[in-house]
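Colleague: Pasting in a structure now, in structure tokens, and then I'll have a few things to ask.
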Amino acid sequence: MSKFTGIRGRVWFKALTGQDTPMPGDPPSVLVADALIGNENARFLCVVPDPDSRFPCARHGEVGLEQAYTLAARIREVIGETPRMSGSSSLPCPIIAIVDVKSQAYGRREEIVGIHLAAAAAADAYATARLVGHPVITLIVGQAISGGFLTHGYQANRLLAFDDNEVLIHAMHKEAAARITRRSVDQLESLAKTVTPLSYDIRDYAELGLLHKLLHVSNPENPSPEEISLVRNAIAEAIADARKGPTDLRNRFDAAQTARKASRLIRARLEEQWNQ
């Protein structure tokens, strides 16, 4: 596990909102705040580590039961609402997910109680917000792994990420992928040089067409005022871009003109069969 896991989320939540404590009644692992981005209010959400969590599998920045349901509730609060700022438009307010999550919380308690329901509630809240017109922007500042990312952030209109070696977006960690495929980590890293989806390099992920933009920040753990301003401007630009496009996720598929030829071919064949 990266030594930075979870730290960056709190750093950037505070940098962009001025807050670093949970809302009343929320668990310490979920930070939510309303703050200006450009000339309008936005709702910011972030999952951070809580070493004292009553759920041991959700102490290191994982998205578990409490985290997922809290995200869902706080997103649902703003769905359909308009900004309450003087001089602001009546457009639905943006929702900003700041992401540094190592996975969903794998645990017996979580499975028994129904983490699949909690994760679905959060993912559905993000998707619903997007579909009714809220620009949903995800800023990936660290790890975005497995069900943690699917639950928190993946349903965004636009994905932004730092161009940094500590930023990882993938279905599973390298060690887990090695066990599943019965290969060594070195073998997987070798394959990743020719098979892009196997790569853990954020620059390779960008080539798949899923990212809106890579952002260059020299020290994500201690950003300068200029870098915070750069990120703010990038988020504001992504919000404006999202409002110009459709509310579905076709932009990701359309952007993958070369790196995902097989995916495009399979989709075309499926559509042909479906329409027969």
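Lettering and numbering for the structure tokens are positional, with chains as A, B, ... in the shown order, residues counted from 1 in each chain, and ligands counted from 1 in the shown order.
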Extract, using only C-alpha atoms, all DNA, RNA and protein residues at most 9 Å from Pro197 of chain A, discarding same-chain residues fewer than 3 positions from it, and format them as a list in words.

Modeller: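 Within the cut-off, the hits are His170, Ala192, Tyr200, Asp204, Tyr205 and Leu208 of chain A.
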
Colleague: Which residues come within 12 Å of Ala42 of chain A, counting only C-alpha atoms, excluding same-chain residues fewer than 4 positions away, as a ChimeraX atom specification?

Modeller: /A:16-17,32-38,75,78-79,81-85,88,91-97,134-137,232,235-236,239

Colleague: Which residue gives the smallest distance to Leu230 of chain A among A:Ala15, A:Val63, A:Val101, A:Ala121, with only C-alpha atoms counted?

Modeller: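 With only C-alpha atoms as the atom set, the closest residue is A:Ala15.
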
Colleague: Just the residues within 7 Å of Ala123 of chain A, please, counting only C-alpha atoms, with nothing from its chain fewer than 4 positions along; format it as a PyMOL selection string.

Modeller: chain A and resi 119+127+150-152+155

Colleague: Could you save the residues just selected, with N, CA, C and O atoms, as a PDB file, in the first residue's frame?

Modeller:
ATOM      1  N   ALA A 119     -22.906   0.003  -1.756  1.00  0.00           N
ATOM      2  CA  ALA A 119     -22.141   0.463  -2.919  1.00  0.00           C
ATOM      3  C   ALA A 119     -23.077   0.857  -4.054  1.00  0.00           C
ATOM      4  O   ALA A 119     -22.859   1.879  -4.731  1.00  0.00           O
ATOM      5  N   ALA A 127     -24.882   8.539 -10.341  1.00  0.00           N
ATOM      6  CA  ALA A 127     -25.431   8.425 -11.687  1.00  0.00           C
ATOM      7  C   ALA A 127     -26.718   9.232 -11.832  1.00  0.00           C
ATOM      8  O   ALA A 127     -26.939   9.910 -12.853  1.00  0.00           O
ATOM      9  N   LEU A 150     -15.530   2.399  -8.193  1.00  0.00           N
ATOM     10  CA  LEU A 150     -16.851   2.222  -8.793  1.00  0.00           C
ATOM     11  C   LEU A 150     -17.929   2.875  -7.933  1.00  0.00           C
ATOM     12  O   LEU A 150     -18.905   3.436  -8.444  1.00  0.00           O
ATOM     13  N   THR A 151     -17.747   2.811  -6.625  1.00  0.00           N
ATOM     14  CA  THR A 151     -18.716   3.372  -5.686  1.00  0.00           C
ATOM     15  C   THR A 151     -18.585   4.889  -5.569  1.00  0.00           C
ATOM     16  O   THR A 151     -19.582   5.601  -5.477  1.00  0.00           O
ATOM     17  N   HIS A 152     -17.372   5.375  -5.590  1.00  0.00           N
ATOM     18  CA  HIS A 152     -17.093   6.793  -5.335  1.00  0.00           C
ATOM     19  C   HIS A 152     -16.265   7.378  -6.474  1.00  0.00           C
ATOM     20  O   HIS A 152     -15.041   7.253  -6.487  1.00  0.00           O
ATOM     21  N   GLN A 155     -18.794   7.313 -11.752  1.00  0.00           N
ATOM     22  CA  GLN A 155     -19.989   7.712 -12.497  1.00  0.00           C
ATOM     23  C   GLN A 155     -19.964   9.176 -12.940  1.00  0.00           C
ATOM     24  O   GLN A 155     -20.981   9.712 -13.396  1.00  0.00           O
TER      25      GLN A 155
END

Colleague: Let's see if you can do this: from backbone DSSP, list all alpha helix (DSSP H) residues in segment 74-122 of chain A, as a list in words.

Modeller: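 Taking segment 74-122 of chain A and keeping alpha helix (DSSP H) only, one gets Arg74, Ile75, Arg76, Glu77, Val78, Arg108, Arg109, Glu110, Glu111, Ile112, Val113, Ile115, His116, Leu117, Ala118, Ala119, Ala120, Ala121 and Ala122 of chain A.
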
Colleague: With only C-alpha atoms as the counted atoms, please give the residues lying no more than 7 Å from Gly64 of chain A, apart from itself and same-chain residues fewer than 3 positions off, as a list in words.

Modeller: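 Neighbouring residues, sequence-local ones excluded: Ala58, Gln67, Ala68, Gln104, Ala105 and Ile115 of chain A.
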
Colleague: If you keep N, CA and C atoms, can you produce a file of those selected residues as a tab-separated table (two decimals), in the first residue's frame?

Modeller:
chain	number	residue	atom	x	y	z
A	58	ALA	N	-12.46	-1.05	7.04
A	58	ALA	CA	-12.68	0.26	6.43
A	58	ALA	C	-11.90	1.34	7.18
A	67	GLN	N	-19.42	4.49	4.71
A	67	GLN	CA	-18.94	5.45	3.72
A	67	GLN	C	-19.90	5.53	2.53
A	68	ALA	N	-20.30	4.37	2.01
A	68	ALA	CA	-21.14	4.35	0.83
A	68	ALA	C	-22.52	4.96	1.10
A	104	GLN	N	-12.97	-1.20	-2.10
A	104	GLN	CA	-14.10	-1.30	-1.20
A	104	GLN	C	-13.66	-2.10	0.03
A	105	ALA	N	-14.46	-2.07	1.08
A	105	ALA	CA	-14.11	-2.77	2.31
A	105	ALA	C	-14.46	-4.25	2.19
A	115	ILE	N	-22.81	-5.04	1.67
A	115	ILE	CA	-22.04	-3.93	1.11
A	115	ILE	C	-22.43	-3.69	-0.34

Colleague: Compare A:Val47, A:Arg183, A:Ala156, A:Glu175 by their minimum atom-to-atom distance to Asn251 of chain A, counting only C-alpha atoms, and give me the closest one.

Modeller: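 Going through A:Val47, A:Arg183, A:Ala156, A:Glu175 one by one, the smallest distance to Asn251 of chain A is for A:Ala156.
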
Colleague: Excluding same-chain residues fewer than 6 positions from Cys46 of chain A, what lies within 7 Å of it counting only C-alpha atoms, as a compact mmCIF listing (two decimals) with N, CA, C and O atoms, in the first residue's frame?

Modeller:
# COMPACT_ATOMS: atom_id res chain seq x y z
N GLY A 9 -6.32 12.74 -0.30
CA GLY A 9 -7.72 13.10 -0.31
C GLY A 9 -8.03 14.21 0.67
O GLY A 9 -8.68 15.21 0.33
N PHE A 13 -9.14 17.99 -0.27
CA PHE A 13 -10.45 18.43 0.21
C PHE A 13 -10.32 19.75 0.95
O PHE A 13 -11.10 20.68 0.72
N VAL A 30 -15.82 10.25 6.07
CA VAL A 30 -16.45 10.90 4.92
C VAL A 30 -16.48 12.41 5.14
O VAL A 30 -17.09 12.89 6.10
N LEU A 31 -15.83 13.13 4.27
CA LEU A 31 -15.80 14.58 4.33
C LEU A 31 -16.72 15.14 3.25
O LEU A 31 -16.62 14.76 2.08
N VAL A 32 -17.60 16.03 3.64
CA VAL A 32 -18.55 16.65 2.71
C VAL A 32 -18.62 18.14 3.03
O VAL A 32 -18.70 18.52 4.20
N ALA A 97 -16.24 14.84 -6.68
CA ALA A 97 -15.72 13.71 -5.91
C ALA A 97 -14.20 13.77 -5.92
O ALA A 97 -13.58 13.77 -6.98
N ILE A 98 -13.61 13.86 -4.73
CA ILE A 98 -12.15 13.81 -4.59
C ILE A 98 -11.80 12.38 -4.20
O ILE A 98 -12.27 11.88 -3.18
N VAL A 99 -10.98 11.73 -5.01
CA VAL A 99 -10.80 10.28 -4.88
C VAL A 99 -9.36 9.90 -4.53
O VAL A 99 -8.41 10.25 -5.23

Colleague: Please compute the atom CA of Asn219 of chain A-atom CA of Phe149 of chain A distance, one decimal, in Å.

Modeller: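 Between these atoms lies a distance of 22.8 Å.
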
Colleague: Taking only C-alpha atoms into account, which of A:Ala72, A:Leu249, A:Leu160, A:Val11 comes nearest Ala234 of chain A?

Modeller: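 The answer is A:Leu160, which sits nearest to Ala234 of chain A.
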
Colleague: Which residue out of A:Leu65, A:Ala161, A:Ile169, A:Ile7 has the minimum interatomic distance to Val113 of chain A when only C-alpha atoms are used?

Modeller: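 The shortest atom-to-atom distance to Val113 of chain A comes from A:Leu65.
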
Colleague: For atom CA of Gly142 of chain A and atom CA of Asp100 of chain A, quote the distance in Å rounded to one decimal.

Modeller: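 Atom-to-atom, atom CA of Gly142 of chain A to atom CA of Asp100 of chain A, that is 4.5 Å.
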